[in-house]
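Trainee: Got final_22.txt for you, compact mmCIF, C-alpha atoms and all ligand atoms:
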```
# COMPACT_ATOMS: atom_id res chain seq x y z
CA MET A 1200 38.41 -7.58 20.53
CA MET A 1201 37.25 -5.27 23.36
CA GLU A 1202 35.02 -6.66 26.09
CA PRO A 1203 31.62 -4.95 26.18
CA SER A 1204 31.50 -2.30 28.90
CA GLY A 1205 27.94 -3.21 29.85
CA ARG A 1206 26.71 0.28 29.00
CA GLU A 1207 26.01 -0.43 25.32
CA HIS A 1208 22.51 0.04 23.96
CA GLU A 1209 20.63 -3.25 24.49
CA SER A 1210 18.49 -4.05 21.48
CA PRO A 1211 15.24 -5.86 22.23
CA LEU A 1212 15.59 -7.60 18.85
CA SER A 1213 17.43 -10.83 18.06
CA ALA A 1214 20.56 -10.61 15.89
CA PRO A 1215 18.81 -11.70 12.64
CA ARG A 1216 16.05 -9.21 13.31
CA GLN A 1217 18.60 -6.45 13.93
CA HIS A 1218 20.28 -7.44 10.67
CA PHE A 1219 17.01 -6.87 8.79
CA TYR A 1220 17.15 -3.16 9.68
CA GLN A 1221 20.92 -2.77 9.35
CA ALA A 1222 20.89 -4.25 5.83
CA ARG A 1223 18.33 -1.63 4.82
CA ALA A 1224 20.08 1.29 6.56
CA LEU A 1225 17.03 1.69 8.79
CA THR A 1226 16.90 2.74 12.43
CA GLU A 1227 15.84 -0.14 14.65
CA PRO A 1228 12.27 0.16 15.89
CA LEU A 1229 11.47 0.13 19.57
CA GLU A 1230 9.55 -3.09 19.14
CA GLU A 1231 8.34 -5.50 16.47
CA ARG A 1232 4.90 -7.06 16.14
CA ILE A 1233 4.43 -9.90 13.66
CA PRO A 1234 0.79 -10.99 13.40
CA ALA A 1235 0.01 -14.38 11.85
CA THR A 1236 -3.68 -13.81 11.14
CA ARG A 1237 -5.93 -10.98 10.07
CA GLY A 1238 -7.59 -11.14 13.51
CA GLU A 1239 -4.27 -10.78 15.31
CA LEU A 1240 -3.34 -7.85 13.13
CA ALA A 1241 -6.67 -6.13 13.81
CA ALA A 1242 -6.19 -6.55 17.57
CA MET A 1243 -2.67 -5.10 17.34
CA VAL A 1244 -3.78 -2.12 15.28
CA ASP A 1245 -6.57 -1.42 17.78
CA GLU A 1246 -4.22 -1.68 20.73
CA LEU A 1247 -1.52 0.53 19.18
CA HIS A 1248 -4.09 3.10 18.31
CA ALA A 1249 -5.72 3.05 21.75
CA ARG A 1250 -2.35 3.57 23.38
CA GLY A 1251 -1.32 6.25 20.86
CA ARG A 1252 1.87 4.36 20.04
CA PRO A 1253 3.61 5.37 16.82
CA ALA A 1254 3.75 2.47 14.38
CA LEU A 1255 4.91 1.78 10.85
CA VAL A 1256 3.79 -1.08 8.62
CA VAL A 1257 6.76 -3.06 7.29
CA GLY A 1258 6.67 -5.52 4.39
CA ASP A 1259 10.15 -6.37 3.12
CA GLY A 1260 11.33 -2.90 4.16
CA GLN A 1261 12.81 -2.08 0.73
CA HIS A 1262 10.96 1.18 0.39
CA LEU A 1263 10.43 2.50 3.90
CA ARG A 1264 10.87 6.24 3.83
CA HIS A 1265 9.92 7.26 7.35
CA ASP A 1266 12.07 6.89 10.43
CA LEU A 1267 11.31 3.80 12.51
CA GLY A 1268 13.14 5.09 15.60
CA GLY A 1269 10.86 5.04 18.65
CA ALA A 1270 8.08 3.32 16.68
CA VAL A 1271 6.57 -0.15 16.62
CA ALA A 1272 7.26 -2.07 13.41
CA LEU A 1273 4.13 -3.93 12.39
CA ARG A 1274 5.52 -6.60 10.10
CA THR A 1275 3.35 -8.44 7.60
CA GLU A 1276 5.73 -11.29 6.74
CA ARG A 1277 3.56 -14.01 8.31
CA LEU A 1278 0.46 -12.93 6.41
CA ASP A 1279 1.71 -14.73 3.34
CA GLN A 1280 -1.08 -17.05 2.18
CA LEU A 1281 -2.51 -17.41 -1.28
CA LEU A 1282 -6.28 -17.14 -0.74
CA ASN A 1283 -7.91 -17.79 -4.07
CA LEU A 1284 -7.02 -18.24 -7.70
CA SER A 1285 -9.70 -18.25 -10.38
CA ARG A 1286 -8.59 -19.38 -13.83
CA GLU A 1287 -12.00 -18.50 -15.28
CA ASN A 1288 -11.98 -14.92 -14.01
CA GLY A 1289 -8.21 -14.41 -14.18
CA LEU A 1290 -8.00 -13.19 -10.59
CA VAL A 1291 -5.64 -14.04 -7.77
CA SER A 1292 -6.20 -13.08 -4.11
CA ALA A 1293 -3.50 -13.26 -1.47
CA GLN A 1294 -2.57 -11.91 1.92
CA ALA A 1295 -0.52 -8.73 1.90
CA GLY A 1296 2.70 -10.25 3.24
CA ILE A 1297 3.17 -12.70 0.36
CA ARG A 1298 6.42 -12.16 -1.55
CA TRP A 1299 6.24 -11.12 -5.19
CA ARG A 1300 8.22 -14.21 -6.29
CA ASP A 1301 6.03 -16.61 -4.30
CA LEU A 1302 2.91 -15.03 -5.74
CA GLN A 1303 4.24 -15.34 -9.30
CA ASP A 1304 5.19 -18.99 -8.76
CA ALA A 1305 1.77 -19.86 -7.32
CA VAL A 1306 -0.01 -18.18 -10.23
CA GLU A 1307 2.19 -19.88 -12.83
CA ALA A 1308 1.58 -23.28 -11.23
CA GLU A 1309 -2.09 -22.78 -12.12
CA GLY A 1310 -1.38 -21.89 -15.74
CA LEU A 1311 -1.78 -18.12 -15.40
CA THR A 1312 0.88 -15.43 -15.25
CA LEU A 1313 1.70 -12.03 -13.74
CA SER A 1314 4.26 -11.31 -16.45
CA HIS A 1315 2.28 -8.29 -17.67
CA TYR A 1316 3.41 -6.40 -14.56
CA ALA A 1317 6.69 -4.48 -14.65
CA LEU A 1318 9.81 -5.93 -13.05
CA MET A 1319 9.60 -5.68 -9.28
CA PRO A 1320 11.95 -6.83 -6.53
CA SER A 1321 11.34 -10.56 -5.97
CA THR A 1322 11.31 -10.25 -2.17
CA ALA A 1323 8.92 -7.27 -2.05
CA THR A 1324 5.55 -7.98 -0.48
CA LEU A 1325 2.22 -7.53 -2.20
CA GLY A 1326 1.14 -4.99 0.45
CA GLY A 1327 4.39 -3.03 0.17
CA LEU A 1328 4.22 -2.91 -3.62
CA LEU A 1329 0.67 -1.55 -3.45
CA ALA A 1330 1.20 0.84 -0.53
CA ARG A 1331 4.51 2.37 -1.53
CA PHE A 1332 4.50 5.96 -2.59
CA ARG A 1333 4.81 6.38 -6.34
CA PRO A 1334 5.07 9.86 -7.78
CA GLY A 1335 3.88 11.10 -11.12
CA PRO A 1336 0.80 10.49 -13.20
CA LYS A 1337 -0.83 7.14 -13.57
CA THR A 1338 0.39 5.53 -16.78
CA LEU A 1339 -2.01 2.95 -18.08
CA GLY A 1340 -0.71 -0.18 -19.69
CA GLN A 1341 2.79 0.12 -18.28
CA GLY A 1342 2.70 -2.78 -15.86
CA ALA A 1343 1.78 -0.89 -12.68
CA ILE A 1344 0.59 -3.33 -10.05
CA ARG A 1345 -1.80 -0.75 -8.63
CA ASP A 1346 -3.68 -0.65 -11.94
CA GLY A 1347 -4.15 -4.42 -11.70
CA CYS A 1348 -5.50 -4.39 -8.13
CA VAL A 1349 -9.23 -4.92 -8.43
CA ALA A 1350 -10.03 -5.48 -4.76
CA LEU A 1351 -8.44 -5.17 -1.35
CA ALA A 1352 -9.09 -5.49 2.36
CA ALA A 1353 -7.53 -3.24 4.97
CA ARG A 1354 -7.63 -2.50 8.67
CA GLY A 1355 -7.77 1.14 9.70
CA ALA A 1356 -8.52 2.74 13.04
CA PRO A 1357 -10.14 0.68 15.83
CA GLY A 1358 -13.04 -1.39 14.59
CA ARG A 1359 -12.67 -0.03 11.06
CA SER A 1360 -12.21 -2.68 8.41
CA TYR A 1361 -12.39 -1.98 4.72
CA ASP A 1362 -13.39 -4.66 2.24
CA TYR A 1363 -13.56 -3.76 -1.41
CA LEU A 1364 -15.05 -6.94 -2.82
CA VAL A 1365 -13.98 -8.74 -5.95
CA ALA A 1366 -17.63 -8.81 -7.03
CA PRO A 1367 -19.79 -6.81 -7.01
CA ARG A 1368 -16.94 -4.33 -7.04
CA LYS A 1369 -18.90 -1.22 -6.23
CA ALA A 1370 -22.59 -0.46 -6.17
CA SER A 1371 -22.38 3.05 -4.73
CA GLY A 1372 -20.18 5.43 -2.82
CA PRO A 1373 -16.56 6.46 -3.36
CA ASP A 1374 -13.88 3.96 -4.31
CA LEU A 1375 -11.58 4.10 -1.30
CA ARG A 1376 -8.97 1.65 -2.54
CA TYR A 1377 -6.65 4.56 -3.22
CA LEU A 1378 -6.72 5.58 0.42
CA PHE A 1379 -4.56 2.51 0.94
CA ILE A 1380 -2.86 2.10 -2.46
CA GLY A 1381 0.08 4.50 -2.36
CA GLY A 1382 -0.86 5.50 1.20
CA GLU A 1383 2.32 4.09 2.81
CA GLY A 1384 0.21 2.50 5.54
CA HIS A 1385 -0.85 5.88 6.85
CA HIS A 1386 -4.57 5.13 6.73
CA GLY A 1387 -4.35 1.50 7.72
CA VAL A 1388 -2.82 -1.84 6.89
CA ILE A 1389 -3.65 -3.62 3.64
CA THR A 1390 -4.37 -7.19 4.71
CA GLU A 1391 -5.42 -8.81 1.42
CA ALA A 1392 -5.49 -7.88 -2.25
CA THR A 1393 -6.76 -9.28 -5.54
CA LEU A 1394 -4.83 -8.82 -8.77
CA VAL A 1395 -5.63 -9.48 -12.39
CA ALA A 1396 -3.71 -12.53 -13.64
CA ARG A 1397 -3.56 -13.43 -17.33
CA ARG A 1398 -3.24 -16.49 -19.47
CA GLN A 1399 0.30 -16.83 -20.75
CA LEU A 1400 0.58 -15.48 -24.29
CA ASP A 1401 3.38 -16.16 -26.72
CA ALA A 1402 6.29 -14.04 -25.62
CA GLU A 1403 9.72 -13.08 -26.81
CA LEU A 1404 12.57 -11.13 -25.29
CA LEU A 1405 14.29 -8.77 -27.71
CA ILE A 1406 17.83 -7.81 -26.75
CA PHE A 1407 19.52 -4.78 -28.29
CA GLU A 1408 23.23 -4.38 -27.63
CA GLY A 1409 25.55 -1.39 -27.86
CA LEU A 1410 22.92 1.29 -27.27
CA PRO A 1411 23.87 4.45 -25.42
CA LEU A 1412 21.01 5.87 -23.31
CA SER A 1413 19.91 8.44 -25.91
CA GLU A 1414 19.54 5.73 -28.58
CA ALA A 1415 17.72 3.41 -26.20
CA LEU A 1416 15.25 6.22 -25.38
CA THR A 1417 14.71 6.98 -29.06
CA LEU A 1418 14.05 3.32 -29.82
CA LEU A 1419 11.63 2.92 -26.90
CA ASP A 1420 9.83 6.11 -27.88
CA ALA A 1421 9.36 4.88 -31.46
CA ILE A 1422 8.05 1.49 -30.32
CA TYR A 1423 5.74 3.15 -27.80
CA ARG A 1424 4.37 5.57 -30.40
CA ALA A 1425 3.70 2.62 -32.74
CA GLN A 1426 1.27 1.45 -30.01
CA ILE A 1427 3.33 -1.67 -29.32
CA ARG A 1428 3.14 -2.35 -25.58
CA TRP A 1429 5.78 -4.47 -23.92
CA GLN A 1430 5.41 -6.63 -20.80
CA TRP A 1431 8.51 -5.20 -19.21
CA VAL A 1432 11.61 -3.27 -20.11
CA TYR A 1433 15.09 -3.15 -18.61
CA TYR A 1434 17.98 -1.00 -19.77
CA SER A 1435 21.46 -0.76 -18.29
CA ALA A 1436 23.58 2.18 -19.45
CA GLY A 1437 26.75 0.44 -18.19
CA ALA A 1438 26.07 -2.64 -20.33
CA LYS A 1439 24.48 -0.52 -23.12
CA ARG A 1440 21.87 -3.28 -23.30
CA LEU A 1441 18.13 -2.84 -23.78
CA GLN A 1442 15.87 -5.81 -23.01
CA LEU A 1443 12.27 -5.67 -24.10
CA ALA A 1444 9.75 -8.43 -23.32
CA LEU A 1445 6.87 -8.59 -25.79
CA GLY A 1446 3.82 -10.78 -25.26
CA ALA A 1447 0.91 -11.23 -27.69
CA PRO A 1448 -0.99 -14.00 -29.49
CA GLY A 1449 1.44 -15.70 -31.95
CA GLN A 1450 0.60 -13.96 -35.23
CA LEU A 1451 0.40 -10.52 -33.60
CA LEU A 1452 3.69 -11.05 -31.79
CA ARG A 1453 5.45 -12.01 -35.02
CA THR A 1454 4.01 -8.94 -36.75
CA GLN A 1455 5.23 -6.65 -33.95
CA VAL A 1456 8.73 -8.11 -34.04
CA ARG A 1457 8.88 -7.87 -37.84
CA TRP A 1458 7.71 -4.25 -37.72
CA ILE A 1459 10.42 -3.32 -35.22
CA GLU A 1460 13.05 -5.08 -37.32
CA ALA A 1461 11.91 -3.48 -40.57
CA HIS A 1462 11.31 0.06 -39.35
CA LEU A 1463 13.56 0.59 -36.35
CA ARG A 1464 16.35 -1.81 -35.58
CA ALA A 1465 17.02 -5.54 -35.64
CA PRO A 1466 17.55 -7.03 -32.16
CA ASP A 1467 20.91 -8.67 -31.51
CA ALA A 1468 19.19 -11.64 -29.85
CA HIS A 1469 15.73 -13.11 -29.40
CA LEU A 1470 14.94 -15.28 -26.36
CA ASP A 1471 11.97 -17.61 -26.16
CA LEU A 1472 9.42 -17.85 -23.36
CA ASP A 1473 11.43 -20.11 -21.03
CA ALA A 1474 14.58 -18.03 -21.35
CA LEU A 1475 12.51 -14.87 -20.93
CA ARG A 1476 11.03 -16.20 -17.67
CA ALA A 1477 14.48 -17.09 -16.37
CA ARG A 1478 15.78 -13.63 -17.31
CA ARG A 1479 12.89 -11.96 -15.51
CA ARG A 1480 13.62 -13.91 -12.33
CA TRP A 1481 17.30 -13.05 -12.52
CA LEU A 1482 16.60 -9.34 -12.98
CA GLU A 1483 13.97 -9.22 -10.23
CA ASP A 1484 16.43 -10.83 -7.78
CA ARG A 1485 18.79 -7.96 -8.59
CA HIS A 1486 16.26 -5.16 -8.93
CA PRO A 1487 18.15 -1.88 -8.54
CA ALA A 1488 15.42 0.00 -6.59
CA ARG A 1489 15.90 -1.62 -3.19
CA ARG A 1490 17.35 -0.47 0.07
CA THR A 1491 19.35 -3.73 0.18
CA HIS A 1492 20.87 -3.19 -3.26
CA ALA A 1493 24.66 -3.39 -2.99
CA ARG A 1494 25.06 0.26 -4.03
CA ALA A 1495 21.85 1.63 -2.51
CA ARG A 1496 23.69 4.20 -0.42
CA GLN A 1497 25.06 5.82 -3.57
CA ALA A 1498 21.90 5.52 -5.63
CA SER A 1499 18.78 7.56 -6.30
CA ALA A 1500 15.48 6.71 -7.91
CA ILE A 1501 14.38 9.24 -10.50
CA TRP A 1502 11.03 9.71 -12.18
CA CYS A 1503 11.09 12.14 -15.09
CA THR A 1504 9.86 12.75 -18.59
CA ALA A 1505 11.89 11.12 -21.36
CA ALA A 1506 12.84 14.58 -22.64
CA ALA A 1507 14.37 15.44 -19.26
CA LEU A 1508 17.07 12.84 -19.85
CA GLN A 1509 18.10 14.40 -23.16
CA THR A 1510 18.60 18.11 -22.37
CA PRO A 1511 21.17 18.38 -20.92
CA PRO A 1512 21.85 14.67 -21.20
CA LEU A 1513 21.90 12.69 -17.99
CA ASP A 1514 23.97 9.65 -18.88
CA LEU A 1515 27.30 8.02 -18.17
CA SER A 1516 29.08 11.13 -19.51
CA THR A 1517 27.66 13.13 -16.56
CA PRO A 1518 30.41 13.55 -13.94
CA ASP A 1519 30.25 11.05 -11.04
CA ILE A 1520 27.51 8.91 -12.58
CA ASP A 1521 28.47 5.24 -12.59
CA GLU A 1522 25.32 3.50 -13.79
CA LEU A 1523 21.78 4.20 -14.92
CA THR A 1524 19.16 1.47 -14.96
CA LEU A 1525 15.78 2.07 -16.52
CA THR A 1526 12.85 -0.12 -15.44
CA SER A 1527 9.84 1.66 -16.92
CA PHE A 1528 9.31 3.89 -19.93
CA ALA A 1529 6.54 6.11 -21.24
CA PRO A 1530 7.28 9.50 -22.82
CA ASP A 1531 5.63 11.26 -19.88
CA ARG A 1532 7.32 9.13 -17.22
CA VAL A 1533 10.55 7.20 -17.16
CA GLU A 1534 11.60 5.38 -13.97
CA LEU A 1535 15.28 4.86 -13.44
CA VAL A 1536 17.85 4.25 -10.75
CA VAL A 1537 21.06 6.25 -10.96
CA GLU A 1538 24.23 5.20 -9.14
CA HIS A 1539 26.44 8.16 -8.40
CA GLY A 1540 29.76 8.55 -6.64
CA ALA A 1541 28.99 12.06 -5.36
CA PRO A 1542 25.72 13.82 -4.47
CA LEU A 1543 23.60 13.97 -7.59
CA ASP A 1544 23.46 17.63 -8.45
CA VAL A 1545 22.39 17.94 -12.07
CA PRO A 1546 19.72 20.39 -13.20
CA MET A 1547 16.87 18.39 -14.70
CA PRO A 1548 13.83 20.23 -16.01
CA GLY A 1549 11.07 17.63 -16.34
CA VAL A 1550 12.04 15.68 -13.25
CA ILE A 1551 8.99 14.49 -11.32
CA ALA A 1552 10.80 13.19 -8.25
CA ARG A 1553 14.31 12.27 -7.19
CA TRP A 1554 15.01 10.31 -4.01
CA PRO A 1555 18.00 8.58 -2.54
CA LEU A 1556 17.17 4.87 -2.15
CA CYS A 1557 18.18 5.05 1.50
CA GLN A 1558 16.22 8.20 2.22
CA THR A 1559 14.93 8.59 5.80
CA LEU A 1560 12.18 11.11 6.40
CA PRO A 1561 11.05 12.20 9.87
CA PRO A 1562 8.35 10.02 11.45
CA ARG A 1563 5.16 10.61 9.54
CA SER A 1564 2.65 10.64 12.35
CA ARG A 1565 2.74 10.05 16.05
CA VAL A 1566 -0.72 8.49 16.03
CA PRO A 1567 -1.03 5.62 13.59
CA PHE A 1568 -4.10 4.99 11.47
CA ALA A 1569 -5.90 8.18 12.56
CA PRO A 1570 -9.68 7.64 12.63
CA GLU A 1571 -10.51 10.70 10.52
CA ALA A 1572 -8.26 9.36 7.76
CA ALA A 1573 -9.51 5.83 8.00
CA ASP A 1574 -13.20 6.51 7.71
CA ALA A 1575 -13.53 3.71 5.25
CA ARG A 1576 -16.21 1.43 6.62
CA ARG A 1577 -18.51 0.03 3.95
C1 LIG B 1 13.36 5.28 -3.69
C2 LIG B 1 12.81 3.95 -4.14
C3 LIG B 1 12.19 3.85 -5.36
C4 LIG B 1 11.67 2.64 -5.79
N1 LIG B 1 11.11 2.59 -7.00
C5 LIG B 1 10.61 1.43 -7.45
C6 LIG B 1 10.03 1.35 -8.73
O1 LIG B 1 10.00 2.32 -9.46
N2 LIG B 1 9.53 0.15 -9.14
C7 LIG B 1 9.58 -0.95 -8.34
O2 LIG B 1 9.10 -2.01 -8.74
N3 LIG B 1 10.12 -0.89 -7.14
C8 LIG B 1 10.64 0.26 -6.68
N4 LIG B 1 11.22 0.31 -5.45
C9 LIG B 1 11.23 -0.87 -4.65
C10 LIG B 1 9.84 -1.14 -4.17
O3 LIG B 1 9.20 0.06 -3.86
C11 LIG B 1 9.73 -2.01 -2.98
O4 LIG B 1 10.33 -3.19 -3.27
C12 LIG B 1 8.23 -2.13 -2.70
O5 LIG B 1 7.72 -0.91 -2.20
C13 LIG B 1 7.66 -2.99 -1.77
O6 LIG B 1 8.31 -3.80 -1.07
P1 LIG B 1 8.33 -3.99 0.47
O7 LIG B 1 7.54 -5.19 0.80
O8 LIG B 1 9.77 -3.97 0.76
O9 LIG B 1 7.59 -2.71 1.11
P2 LIG B 1 8.03 -1.88 2.37
O10 LIG B 1 9.28 -1.14 2.07
O11 LIG B 1 8.04 -2.71 3.57
O12 LIG B 1 6.83 -0.84 2.44
C14 LIG B 1 6.67 0.18 1.50
C15 LIG B 1 5.66 1.18 2.05
O13 LIG B 1 4.39 0.58 2.16
C16 LIG B 1 3.97 0.48 3.53
N5 LIG B 1 3.41 -0.86 3.68
C17 LIG B 1 4.05 -2.05 3.57
N6 LIG B 1 3.17 -3.06 3.68
C18 LIG B 1 1.96 -2.50 3.86
C19 LIG B 1 0.65 -3.02 4.06
N7 LIG B 1 0.40 -4.32 4.08
N8 LIG B 1 -0.37 -2.15 4.24
C20 LIG B 1 -0.16 -0.82 4.23
N9 LIG B 1 1.06 -0.27 4.05
C21 LIG B 1 2.11 -1.10 3.87
C22 LIG B 1 5.18 0.74 4.37
O14 LIG B 1 4.85 1.37 5.60
C23 LIG B 1 5.99 1.66 3.46
O15 LIG B 1 5.56 2.98 3.58
C24 LIG B 1 11.76 1.50 -4.98
C25 LIG B 1 12.39 1.58 -3.75
C26 LIG B 1 12.93 2.79 -3.33
C27 LIG B 1 13.65 2.85 -2.02
```
Before we go any further, please render this structure as structure tokens.
Ligand SMILES: Cc1cc2nc3c(=O)[nH]c(=O)nc-3n(C[C@H](O)[C@H](O)[C@H](O)COP(=O)(O)OP(=O)(O)OC[C@H]3O[C@@H](n4cnc5c(N)ncnc54)[C@H](O)[C@@H]3O)c2cc1C

Mentor:
Amino acid sequence: MMEPSGREHESPLSAPRQHFYQARALTEPLEERIPATRGELAAMVDELHARGRPALVVGDGQHLRHDLGGAVALRTERLDQLLNLSRENGLVSAQAGIRWRDLQDAVEAEGLTLSHYALMPSTATLGGLLARFRPGPKTLGQGAIRDGCVALAARGAPGRSYDYLVAPRKASGPDLRYLFIGGEGHHGVITEATLVARRQLDAELLIFEGLPLSEALTLLDAIYRAQIRWQWVYYSAGAKRLQLALGAPGQLLRTQVRWIEAHLRAPDAHLDLDALRARRRWLEDRHPARRTHARARQASAIWCTAAALQTPPLDLSTPDIDELTLTSFAPDRVELVVEHGAPLDVPMPGVIARWPLCQTLPPRSRVPFAPEAADARR
């Protein structure tokens, strides 16, 4: 091995911290700040703003789209406390840096569940899941975490804190939660959030084997149009396997399953609640839409209408496509990750957005948390 010449670029970060960025194909930031309290974070935001230093908020870094080069990474990983859990009201409040898996475990320990939300990467942070950009129309009842966020706190420009209370939620004025939800940290840092948690209902995982993508889409469409709403869905074109988690009070659940069997197709396997939970954990640990996914550099996330996948078909018969994984379905919006050996160059009328997982856009703003954008004081 060659001796270092002494002229190499000296990173200010430790090796594990450098690895964090390398594993996500991200440029290393100039500096990292890792606040442990809301007060520390507020002081850092104020200071960065006063000095006009470019900064980017970083949760688990799975969905960072803007270049970190020359910026300060404001990491939320130490803001990871569960703040409140109310069984009566079905609400859970936590700091923004808590991991999705840790939040689910804490909620389940209290007899509630977050299983009505779609599959999400287990290491993703609550703040990152809320703040990430998500294209396309809002689709109610499809497990979007942003639809379940009833309150949040954020820190914007100097001295500007935003607190949307759990109760009373709003007496007057605009609802500014959506300045921060989907805002990619541009208007400030989400520091805390409250989600709807539910009591665990009876649940069953239906597994359909041997389905090519077109048949899986037809089946999902028929179930959707019968007004049956699943907790989560996962389809792999490579395995030709569709997994559908249904949750409902016992009698209703049995009726839904019987209706699907009688009118559409009998599942090849049924898994009970414990097996369903274990399957969810397994899939979330391997969620395909992550910058650290093994094949992230050859993968794109696509949001499109269901019809867009049919004409011309985008499936494993399309040249250079190795795998398609679907994680959300409604006729007007399907979310999938496509692994492709060559640049994905298929015409797709009906596509809402198409991004490489390891996309890097130019820095978004030189001045973080601009005051005019963060005019959110209550
Ligand atoms: C192209 C692509 C598509 C994806 N699609 C899906 C999908 O459809 N479904 C799904 O479940 N997952 C999807 N993911 C993964 C998912 O988006 C991430 O796991 C999730 O955004 C959050 O995890 P994170 O903690 O890694 O956030 P990060 O990647 O760290 O942050 C995401 C964004 O939010 C900002 N941010 C982070 N924390 C805060 C905060 N506290 N306050 C304000 N802003 C903050 C960041 O600056 C960044 O812009 C996708 C990922 C990629 C790359």

Trainee: Any residue with an atom at most 7 Å from ligand LIG 1 (chain B) counts, using all atoms listed in the file. Which are they? Put them as a CSV table (one decimal) with C-alpha atoms, keeping the file's coordinate frame.

Mentor:
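File written: result35.csv
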```
chain,number,residue,atom,x,y,z
A,1255,LEU,CA,4.9,1.8,10.8
A,1256,VAL,CA,3.8,-1.1,8.6
A,1257,VAL,CA,6.8,-3.1,7.3
A,1258,GLY,CA,6.7,-5.5,4.4
A,1259,ASP,CA,10.2,-6.4,3.1
A,1260,GLY,CA,11.3,-2.9,4.2
A,1261,GLN,CA,12.8,-2.1,0.7
A,1262,HIS,CA,11.0,1.2,0.4
A,1263,LEU,CA,10.4,2.5,3.9
A,1264,ARG,CA,10.9,6.2,3.8
A,1275,THR,CA,3.4,-8.4,7.6
A,1295,ALA,CA,-0.5,-8.7,1.9
A,1296,GLY,CA,2.7,-10.2,3.2
A,1317,ALA,CA,6.7,-4.5,-14.6
A,1318,LEU,CA,9.8,-5.9,-13.0
A,1319,MET,CA,9.6,-5.7,-9.3
A,1320,PRO,CA,12.0,-6.8,-6.5
A,1322,THR,CA,11.3,-10.2,-2.2
A,1323,ALA,CA,8.9,-7.3,-2.0
A,1324,THR,CA,5.6,-8.0,-0.5
A,1325,LEU,CA,2.2,-7.5,-2.2
A,1326,GLY,CA,1.1,-5.0,0.4
A,1327,GLY,CA,4.4,-3.0,0.2
A,1328,LEU,CA,4.2,-2.9,-3.6
A,1330,ALA,CA,1.2,0.8,-0.5
A,1331,ARG,CA,4.5,2.4,-1.5
A,1332,PHE,CA,4.5,6.0,-2.6
A,1379,PHE,CA,-4.6,2.5,0.9
A,1382,GLY,CA,-0.9,5.5,1.2
A,1383,GLU,CA,2.3,4.1,2.8
A,1384,GLY,CA,0.2,2.5,5.5
A,1387,GLY,CA,-4.4,1.5,7.7
A,1388,VAL,CA,-2.8,-1.8,6.9
A,1389,ILE,CA,-3.6,-3.6,3.6
A,1390,THR,CA,-4.4,-7.2,4.7
A,1488,ALA,CA,15.4,0.0,-6.6
A,1489,ARG,CA,15.9,-1.6,-3.2
A,1490,ARG,CA,17.4,-0.5,0.1
A,1499,SER,CA,18.8,7.6,-6.3
A,1500,ALA,CA,15.5,6.7,-7.9
A,1534,GLU,CA,11.6,5.4,-14.0
A,1554,TRP,CA,15.0,10.3,-4.0
A,1555,PRO,CA,18.0,8.6,-2.5
A,1556,LEU,CA,17.2,4.9,-2.2
A,1557,CYS,CA,18.2,5.0,1.5
```

Trainee: With only C-alpha atoms as the basis for distance, which of A:Val1349, A:Leu1535, A:Leu1441, A:Leu1470 is at the shortest distance from A:Pro1411?

Mentor: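 Among A:Val1349, A:Leu1535, A:Leu1441, A:Leu1470, it is A:Leu1441 that comes nearest to A:Pro1411.
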
Trainee: Would you list the residues near (28.1, 10.6, -11.6), meaning any protein, DNA or RNA residue with an atom at most 12 Å from that point in file coordinates, counting only C-alpha atoms, as an MDAnalysis selection string?

Mentor: chainID A and resid 1497:1499 1513:1523 1537:1545

Trainee: Just to be explicit: take each residue in the selection above, keep C-alpha atoms, and write the result as a compact mmCIF listing (two decimals), in the coordinates of the input.

Mentor:
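The resulting selection_19.txt:
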```txt
# COMPACT_ATOMS: atom_id res chain seq x y z
CA GLN A 1497 25.06 5.82 -3.57
CA ALA A 1498 21.90 5.52 -5.63
CA SER A 1499 18.78 7.56 -6.30
CA LEU A 1513 21.90 12.69 -17.99
CA ASP A 1514 23.97 9.65 -18.88
CA LEU A 1515 27.30 8.02 -18.17
CA SER A 1516 29.08 11.13 -19.51
CA THR A 1517 27.66 13.13 -16.56
CA PRO A 1518 30.41 13.55 -13.94
CA ASP A 1519 30.25 11.05 -11.04
CA ILE A 1520 27.51 8.91 -12.58
CA ASP A 1521 28.47 5.24 -12.59
CA GLU A 1522 25.32 3.50 -13.79
CA LEU A 1523 21.78 4.20 -14.92
CA VAL A 1537 21.06 6.25 -10.96
CA GLU A 1538 24.23 5.20 -9.14
CA HIS A 1539 26.44 8.16 -8.40
CA GLY A 1540 29.76 8.55 -6.64
CA ALA A 1541 28.99 12.06 -5.36
CA PRO A 1542 25.72 13.82 -4.47
CA LEU A 1543 23.60 13.97 -7.59
CA ASP A 1544 23.46 17.63 -8.45
CA VAL A 1545 22.39 17.94 -12.07
```

Trainee: May I ask for the distance between atom CA of A:Arg1252 and atom CA of A:Pro1211, given in Å to one decimal place?

Mentor: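 If I compute the distance from atom CA of A:Arg1252 to atom CA of A:Pro1211, I get 17.0 Å.
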
Trainee: For A:Glu1239, find every residue with an atom within 12 Å (counting all atoms listed in the file), except residues of its own chain fewer than 2 positions away, and show them as a list in words.

Mentor: Arg1232, Ile1233, Pro1234, Ala1235, Thr1236, Arg1237, Ala1241, Ala1242, Met1243, Val1244, Asp1245, Glu1246, Leu1273, Arg1274, Thr1275, Arg1277, Leu1278, Arg1354 and Thr1390 of chain A

Trainee: From the set A:Val1291, A:Val1432, A:Val1306, A:Leu1400, which residue has the shortest atom-to-atom contact distance to A:Leu1418, counting all atoms listed in the file?

Mentor: A:Val1432

Trainee: Would you mind telling me which residue in A:Val1456, A:Trp1481, A:Leu1281, A:Glu1391 lies nearest to A:Asp1362 when using all atoms listed in the file?

Mentor: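 Residue with the minimum atom-to-atom distance to A:Asp1362: A:Glu1391.
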